Amino acid sequence: MHIIVKQLHKSFGNFEASKNISFEIEKGKLIGLLGPSGGGKTTILRMLAGLEEPDSGEIFFHGQKVNDLPPQKRGIGFVFQNYALFKHMSVFDNIAFGLTVKKNTKAQIKARVSELIALTGLKGLESRLPHQLSGGQRQRVAFARALAPEPQLLLLDEPFAAIDAKVRKELRSWLREMIDRVGITTIFVTHDQEEAVEVADEIMIINQGALEQKGTPIDIYKNPQTPFVAGFVGESTHLDQITSLKGFSSSLKDAKAIVRPEFVEVGKAHEISFPSAAEKGTVKNVYFRGTNWQIDVEVGGHRLFAYRSMEQDAVQPGDQVHVLIHRVYLFNQEQTITLENSLKFDPMPVYI
């Protein structure tokens with residue numbers, strides 16, 4: 001399903017959940033609505049589904065305006081955060097529910113449910129009730145039930161929020177593979193950055209009812225277009241000014257900066273890729289993160305943090321180290337730019 005949304009606005013009293021949002025989604029794409037809680041993501045999803053009526057704006061599915069169409073006529077499958085399975089129905093009957101409502105024949109229902117049970121990895125569980133299933137299995141049943149009537153659009157409202165971390169990772173990979181096989185346009189709401197980056201073809205960053213940025217995960221991560229996106233996506237440190245940092249200056253008026261840990265190298269001089277662009281710092285804290293170390297370092301009057309590989313020699317609080325800041329995001333009220341360290345392209349000394 002190809003989707004176009006124009007100037008969609010929705011308020012609840014004095015709270016604006018959607019501020020004249022416009023966007024377009026190509027057929028077959030898997031889109032992540034990412035943003036902080038209360039930002040308006042679920043409201044957008046519910047307006048697309050017909051569960052909330054916009055105050056103004058237009059929604060088009062395949063060129064047809066659907067504002068006045070009831071949910072059951074929009075060709076949508078909806079998966080809720082809490083599964084919303086029928087407790088008294090078996091796995092088979094839960095999946096078959098929408099087909100039964102549509103008055104499909106028993107043969108059609110059996111064939112379609114069997115196909116979905118195989119697709120979602122639920123074979124052998126057909127007769128179980130929801131309370132006899134794990135959280136991951138219940139969520140698979142919810143997916144299968146939403147897909148049963150062959151919708152053109154699948155909407156997922158934080159589908160993995162109620163599942164433990166290990167199963168959530170497994171289900172993310174499974175969802176990506178399943179959507180690729182089915183080929184259905186899918187939009188899912190999440191506040192988990194890792195989830196959005198791993199699963200989505202494109203991400204829409206929603207904040208305080210506004211669309212901050214839309215693009216591929218790589219584009220959004222590497223080229224944030226607003227201060228909010230620069231600070232929200234990934235981990236970061238905010239600085240009021242950067243003139244004290246070696247290799248950085250700016251004519252951007254009233255500018256502040258954001259530094260991500262992956263922009264920062266910490267180590268001995270011979271470990272730094274551009275030693276001439278580095279400056280000295282002091283290690284304040286070291287945190288074990290499982291796959292690497294997080295280094296809290298003071299440099300140029302600022303506290304930054306960086307990552308250090310487990311394969312490198314350990315550093316300790318109080319150690320004097322060299323610190324290279326590759327780049328920063330610089331922003332004011334009007335724009336956000338990426339600023340590279342101006343010294344790191346100087347000839348690098350050779351250490352023997």
# chains A, B, ... in the order shown; residues from 1 in each chain; ligands from 1
>>> select_by_dssp(residues="stretch 132-229 of chain A", states="alpha helix (DSSP H)", output="PyMOL selection string")
chain A and resi 135-147+165-182+193-199+217-222+227-229
>>> residues_around(residues="A:Val167", least_positions_apart="2", cutoff="10 Å", atoms="only C-alpha atoms", output="ChimeraX atom specification")
/A:134-137,160,163-165,169-172
>>> closest_residue(among="A:Pro261, A:Leu245, A:Asp201, A:Phe232", to="A:Ile218", atoms="only C-alpha atoms")
A:Asp201
>>> atom_distance(atom1="atom CA of A:Lys10", atom2="atom CA of A:Gly40")
9.3 Å
>>> atom_distance(atom1="atom CA of A:Ser127", atom2="atom CA of A:Ile95")
11.4 Å
>>> residues_around(residues="stretch 322-335 of chain A", least_positions_apart="4", cutoff="8 Å", atoms="only C-alpha atoms", output="PyMOL selection string")
chain A and resi 225-227+230+252-260+263-269+272+274-275+277-281+299+339-341+344
>>> closest_atom_pairs(of="stretch 97-138 of chain A", to="stretch 175-184 of chain A", cutoff="12 Å", atoms="only C-alpha atoms", output="JSON lines")
{"residue": "A:Glu115", "atom": "CA", "partner": "A:Val182", "partner_atom": "CA", "distance": 11.7}
{"residue": "A:Leu116", "atom": "CA", "partner": "A:Met178", "partner_atom": "CA", "distance": 10.5}
{"residue": "A:Ala118", "atom": "CA", "partner": "A:Met178", "partner_atom": "CA", "distance": 11.3}
{"residue": "A:Leu119", "atom": "CA", "partner": "A:Met178", "partner_atom": "CA", "distance": 7.5}
{"residue": "A:Thr120", "atom": "CA", "partner": "A:Met178", "partner_atom": "CA", "distance": 7.8}
{"residue": "A:Gly121", "atom": "CA", "partner": "A:Met178", "partner_atom": "CA", "distance": 10.6}
{"residue": "A:Gly136", "atom": "CA", "partner": "A:Leu175", "partner_atom": "CA", "distance": 11.6}
>>> write_last_selection(atoms="C-alpha atoms", output="mmCIF file, in the first residue's frame")
data_model
loop_
_atom_site.group_PDB
_atom_site.id
_atom_site.type_symbol
_atom_site.label_atom_id
_atom_site.label_comp_id
_atom_site.auth_asym_id
_atom_site.auth_seq_id
_atom_site.Cartn_x
_atom_site.Cartn_y
_atom_site.Cartn_z
ATOM 1 C CA GLU A 115 -0.197 -21.148 6.163
ATOM 2 C CA LEU A 116 0.228 -18.498 8.858
ATOM 3 C CA ALA A 118 3.866 -22.293 9.443
ATOM 4 C CA LEU A 119 5.003 -18.740 8.598
ATOM 5 C CA THR A 120 5.076 -17.617 12.238
ATOM 6 C CA GLY A 121 6.667 -20.789 13.645
ATOM 7 C CA GLY A 136 7.075 -14.355 22.269
#
>>> atom_distance(atom1="atom CA of A:Gln72", atom2="atom CA of A:Ala161")
25.7 Å
>>> select_by_dssp(residues="stretch 100-267 of chain A", states="strand (DSSP E)", output="VMD selection string")
chain A and resid 153 to 157 185 to 190 202 to 207 210 to 215 237 to 239 256 to 259 264 to 267
>>> residues_around(residues="A:Leu34", least_positions_apart="6", cutoff="7 Å", atoms="only C-alpha atoms", output="list in words")
Val189, Thr190, His191, Ala196, Ile203, Met204, Ile205 and Ile206 of chain A
>>> write_last_selection(atoms="C-alpha atoms", output="mmCIF file, in the first residue's frame")
data_model
loop_
_atom_site.group_PDB
_atom_site.id
_atom_site.type_symbol
_atom_site.label_atom_id
_atom_site.label_comp_id
_atom_site.auth_asym_id
_atom_site.auth_seq_id
_atom_site.Cartn_x
_atom_site.Cartn_y
_atom_site.Cartn_z
ATOM 1 C CA VAL A 189 5.906 2.462 16.792
ATOM 2 C CA THR A 190 8.915 2.200 19.093
ATOM 3 C CA HIS A 191 10.986 4.290 21.507
ATOM 4 C CA ALA A 196 14.262 0.944 14.858
ATOM 5 C CA ILE A 203 12.733 5.916 10.318
ATOM 6 C CA MET A 204 10.458 8.834 11.097
ATOM 7 C CA ILE A 205 11.560 10.762 14.206
ATOM 8 C CA ILE A 206 8.495 12.115 16.028
#
>>> closest_residue(among="A:Arg138, A:His62, A:Lys106, A:Lys6", to="A:Asn82", atoms="only C-alpha atoms")
A:Arg138
>>> closest_residue(among="A:Glu126, A:Asp157, A:Glu24, A:Asp192", to="A:Gly77", atoms="only C-alpha atoms")
A:Asp157
>>> residues_around(residues="A:Val5", least_positions_apart="4", cutoff="7 Å", atoms="only C-alpha atoms", output="VMD selection string")
chain A and resid 22 to 24 58 to 60
>>> closest_residue(among="A:Ser249, A:Ser37, A:Gln213, A:Gln208", to="A:Val233", atoms="only C-alpha atoms")
A:Gln213
>>> residues_around(residues="A:Lys110", least_positions_apart="5", cutoff="9 Å", atoms="only C-alpha atoms", output="ChimeraX atom specification")
/A:92,96,105,115
>>> write_last_selection(atoms="N, CA, C and O atoms", output="PDB file, in the first residue's frame")
ATOM      1  N   PHE A  92      -5.378 -21.468  17.063  1.00  0.00           N
ATOM      2  CA  PHE A  92      -6.027 -21.589  15.756  1.00  0.00           C
ATOM      3  C   PHE A  92      -7.199 -20.621  15.655  1.00  0.00           C
ATOM      4  O   PHE A  92      -7.328 -19.875  14.674  1.00  0.00           O
ATOM      5  N   ALA A  96      -7.895 -17.342  13.289  1.00  0.00           N
ATOM      6  CA  ALA A  96      -9.018 -17.459  12.353  1.00  0.00           C
ATOM      7  C   ALA A  96     -10.100 -16.410  12.563  1.00  0.00           C
ATOM      8  O   ALA A  96     -11.002 -16.273  11.726  1.00  0.00           O
ATOM      9  N   THR A 105     -15.124 -19.581   4.025  1.00  0.00           N
ATOM     10  CA  THR A 105     -15.519 -20.978   4.214  1.00  0.00           C
ATOM     11  C   THR A 105     -14.549 -21.668   5.162  1.00  0.00           C
ATOM     12  O   THR A 105     -13.421 -21.192   5.376  1.00  0.00           O
ATOM     13  N   GLU A 115      -1.288 -21.871   6.827  1.00  0.00           N
ATOM     14  CA  GLU A 115      -0.197 -21.148   6.163  1.00  0.00           C
ATOM     15  C   GLU A 115       0.481 -20.182   7.138  1.00  0.00           C
ATOM     16  O   GLU A 115       1.718 -20.111   7.202  1.00  0.00           O
TER      17      GLU A 115
END
>>> decode(residues="stretch 202-217 of chain A", atoms="all heavy atoms", output="PDB file, in the first residue's frame")
ATOM      1  N   GLU A 202      13.120   2.684   6.745  1.00  0.00           N
ATOM      2  CA  GLU A 202      13.216   4.120   7.006  1.00  0.00           C
ATOM      3  C   GLU A 202      12.684   4.405   8.405  1.00  0.00           C
ATOM      4  O   GLU A 202      11.857   3.668   8.928  1.00  0.00           O
ATOM      5  CB  GLU A 202      12.404   4.927   5.989  1.00  0.00           C
ATOM      6  CG  GLU A 202      12.982   4.925   4.585  1.00  0.00           C
ATOM      7  CD  GLU A 202      12.193   5.833   3.658  1.00  0.00           C
ATOM      8  OE1 GLU A 202      10.956   5.877   3.755  1.00  0.00           O
ATOM      9  OE2 GLU A 202      12.846   6.510   2.833  1.00  0.00           O
ATOM     10  N   ILE A 203      13.168   5.503   8.982  1.00  0.00           N
ATOM     11  CA  ILE A 203      12.733   5.916  10.318  1.00  0.00           C
ATOM     12  C   ILE A 203      12.139   7.310  10.223  1.00  0.00           C
ATOM     13  O   ILE A 203      12.661   8.181   9.515  1.00  0.00           O
ATOM     14  CB  ILE A 203      13.922   5.917  11.305  1.00  0.00           C
ATOM     15  CG1 ILE A 203      14.452   4.498  11.505  1.00  0.00           C
ATOM     16  CG2 ILE A 203      13.511   6.515  12.645  1.00  0.00           C
ATOM     17  CD1 ILE A 203      15.726   4.441  12.331  1.00  0.00           C
ATOM     18  N   MET A 204      11.041   7.508  10.938  1.00  0.00           N
ATOM     19  CA  MET A 204      10.458   8.834  11.097  1.00  0.00           C
ATOM     20  C   MET A 204      10.609   9.220  12.563  1.00  0.00           C
ATOM     21  O   MET A 204      10.085   8.535  13.441  1.00  0.00           O
ATOM     22  CB  MET A 204       8.982   8.841  10.681  1.00  0.00           C
ATOM     23  CG  MET A 204       8.782   8.601   9.196  1.00  0.00           C
ATOM     24  SD  MET A 204       7.051   8.256   8.744  1.00  0.00           S
ATOM     25  CE  MET A 204       6.198   9.649   9.477  1.00  0.00           C
ATOM     26  N   ILE A 205      11.351  10.294  12.835  1.00  0.00           N
ATOM     27  CA  ILE A 205      11.560  10.762  14.206  1.00  0.00           C
ATOM     28  C   ILE A 205      10.425  11.710  14.581  1.00  0.00           C
ATOM     29  O   ILE A 205      10.249  12.761  13.954  1.00  0.00           O
ATOM     30  CB  ILE A 205      12.909  11.497  14.363  1.00  0.00           C
ATOM     31  CG1 ILE A 205      14.072  10.611  13.871  1.00  0.00           C
ATOM     32  CG2 ILE A 205      13.114  11.910  15.815  1.00  0.00           C
ATOM     33  CD1 ILE A 205      14.367   9.429  14.739  1.00  0.00           C
ATOM     34  N   ILE A 206       9.640  11.330  15.590  1.00  0.00           N
ATOM     35  CA  ILE A 206       8.495  12.115  16.028  1.00  0.00           C
ATOM     36  C   ILE A 206       8.785  12.691  17.408  1.00  0.00           C
ATOM     37  O   ILE A 206       9.157  11.968  18.331  1.00  0.00           O
ATOM     38  CB  ILE A 206       7.213  11.255  16.093  1.00  0.00           C
ATOM     39  CG1 ILE A 206       6.982  10.501  14.773  1.00  0.00           C
ATOM     40  CG2 ILE A 206       6.007  12.109  16.452  1.00  0.00           C
ATOM     41  CD1 ILE A 206       6.713  11.395  13.583  1.00  0.00           C
ATOM     42  N   ASN A 207       8.597  13.999  17.546  1.00  0.00           N
ATOM     43  CA  ASN A 207       8.841  14.660  18.835  1.00  0.00           C
ATOM     44  C   ASN A 207       7.825  15.760  19.055  1.00  0.00           C
ATOM     45  O   ASN A 207       7.662  16.637  18.199  1.00  0.00           O
ATOM     46  CB  ASN A 207      10.257  15.251  18.858  1.00  0.00           C
ATOM     47  CG  ASN A 207      10.541  16.005  20.132  1.00  0.00           C
ATOM     48  OD1 ASN A 207      10.222  15.544  21.233  1.00  0.00           O
ATOM     49  ND2 ASN A 207      11.133  17.184  20.008  1.00  0.00           N
ATOM     50  N   GLN A 208       7.103  15.691  20.157  1.00  0.00           N
ATOM     51  CA  GLN A 208       6.114  16.703  20.514  1.00  0.00           C
ATOM     52  C   GLN A 208       5.150  16.979  19.372  1.00  0.00           C
ATOM     53  O   GLN A 208       4.830  18.130  19.059  1.00  0.00           O
ATOM     54  CB  GLN A 208       6.809  17.993  20.967  1.00  0.00           C
ATOM     55  CG  GLN A 208       7.630  17.814  22.243  1.00  0.00           C
ATOM     56  CD  GLN A 208       8.269  19.101  22.728  1.00  0.00           C
ATOM     57  OE1 GLN A 208       8.295  20.102  22.017  1.00  0.00           O
ATOM     58  NE2 GLN A 208       8.784  19.080  23.944  1.00  0.00           N
ATOM     59  N   GLY A 209       4.696  15.901  18.744  1.00  0.00           N
ATOM     60  CA  GLY A 209       3.700  16.015  17.690  1.00  0.00           C
ATOM     61  C   GLY A 209       4.227  16.442  16.338  1.00  0.00           C
ATOM     62  O   GLY A 209       3.450  16.598  15.388  1.00  0.00           O
ATOM     63  N   ALA A 210       5.538  16.638  16.203  1.00  0.00           N
ATOM     64  CA  ALA A 210       6.120  17.098  14.943  1.00  0.00           C
ATOM     65  C   ALA A 210       7.039  16.034  14.351  1.00  0.00           C
ATOM     66  O   ALA A 210       7.665  15.257  15.071  1.00  0.00           O
ATOM     67  CB  ALA A 210       6.905  18.387  15.161  1.00  0.00           C
ATOM     68  N   LEU A 211       7.098  16.012  13.024  1.00  0.00           N
ATOM     69  CA  LEU A 211       8.024  15.127  12.319  1.00  0.00           C
ATOM     70  C   LEU A 211       9.361  15.845  12.196  1.00  0.00           C
ATOM     71  O   LEU A 211       9.499  16.803  11.441  1.00  0.00           O
ATOM     72  CB  LEU A 211       7.470  14.771  10.935  1.00  0.00           C
ATOM     73  CG  LEU A 211       8.377  13.936  10.026  1.00  0.00           C
ATOM     74  CD1 LEU A 211       8.746  12.610  10.678  1.00  0.00           C
ATOM     75  CD2 LEU A 211       7.702  13.701   8.680  1.00  0.00           C
ATOM     76  N   GLU A 212      10.356  15.385  12.964  1.00  0.00           N
ATOM     77  CA  GLU A 212      11.673  16.022  12.960  1.00  0.00           C
ATOM     78  C   GLU A 212      12.485  15.656  11.727  1.00  0.00           C
ATOM     79  O   GLU A 212      13.170  16.495  11.139  1.00  0.00           O
ATOM     80  CB  GLU A 212      12.444  15.617  14.220  1.00  0.00           C
ATOM     81  CG  GLU A 212      11.837  16.101  15.523  1.00  0.00           C
ATOM     82  CD  GLU A 212      12.286  17.495  15.900  1.00  0.00           C
ATOM     83  OE1 GLU A 212      13.259  17.989  15.305  1.00  0.00           O
ATOM     84  OE2 GLU A 212      11.666  18.089  16.795  1.00  0.00           O
ATOM     85  N   GLN A 213      12.436  14.365  11.338  1.00  0.00           N
ATOM     86  CA  GLN A 213      13.241  13.905  10.200  1.00  0.00           C
ATOM     87  C   GLN A 213      12.754  12.547   9.752  1.00  0.00           C
ATOM     88  O   GLN A 213      12.298  11.732  10.556  1.00  0.00           O
ATOM     89  CB  GLN A 213      14.724  13.839  10.583  1.00  0.00           C
ATOM     90  CG  GLN A 213      15.658  13.547   9.410  1.00  0.00           C
ATOM     91  CD  GLN A 213      17.122  13.700   9.789  1.00  0.00           C
ATOM     92  OE1 GLN A 213      17.452  14.286  10.816  1.00  0.00           O
ATOM     93  NE2 GLN A 213      18.018  13.185   8.961  1.00  0.00           N
ATOM     94  N   LYS A 214      12.845  12.301   8.450  1.00  0.00           N
ATOM     95  CA  LYS A 214      12.500  11.000   7.867  1.00  0.00           C
ATOM     96  C   LYS A 214      13.623  10.576   6.939  1.00  0.00           C
ATOM     97  O   LYS A 214      14.104  11.360   6.116  1.00  0.00           O
ATOM     98  CB  LYS A 214      11.184  11.091   7.089  1.00  0.00           C
ATOM     99  CG  LYS A 214      10.747   9.801   6.397  1.00  0.00           C
ATOM    100  CD  LYS A 214       9.379  10.012   5.744  1.00  0.00           C
ATOM    101  CE  LYS A 214       8.878   8.759   5.020  1.00  0.00           C
ATOM    102  NZ  LYS A 214       9.635   8.499   3.764  1.00  0.00           N
ATOM    103  N   GLY A 215      14.091   9.343   7.082  1.00  0.00           N
ATOM    104  CA  GLY A 215      15.160   8.864   6.225  1.00  0.00           C
ATOM    105  C   GLY A 215      15.594   7.471   6.626  1.00  0.00           C
ATOM    106  O   GLY A 215      15.032   6.863   7.540  1.00  0.00           O
ATOM    107  N   THR A 216      16.608   6.944   5.948  1.00  0.00           N
ATOM    108  CA  THR A 216      17.138   5.636   6.298  1.00  0.00           C
ATOM    109  C   THR A 216      17.828   5.717   7.653  1.00  0.00           C
ATOM    110  O   THR A 216      18.251   6.809   8.075  1.00  0.00           O
ATOM    111  CB  THR A 216      18.141   5.131   5.253  1.00  0.00           C
ATOM    112  OG1 THR A 216      19.294   5.988   5.281  1.00  0.00           O
ATOM    113  CG2 THR A 216      17.541   5.147   3.852  1.00  0.00           C
ATOM    114  N   PRO A 217      17.972   4.592   8.360  1.00  0.00           N
ATOM    115  CA  PRO A 217      18.679   4.629   9.642  1.00  0.00           C
ATOM    116  C   PRO A 217      20.078   5.242   9.541  1.00  0.00           C
ATOM    117  O   PRO A 217      20.483   6.020  10.409  1.00  0.00           O
ATOM    118  CB  PRO A 217      18.739   3.154  10.046  1.00  0.00           C
ATOM    119  CG  PRO A 217      17.519   2.543   9.422  1.00  0.00           C
ATOM    120  CD  PRO A 217      17.384   3.261   8.097  1.00  0.00           C
TER     121      PRO A 217
END
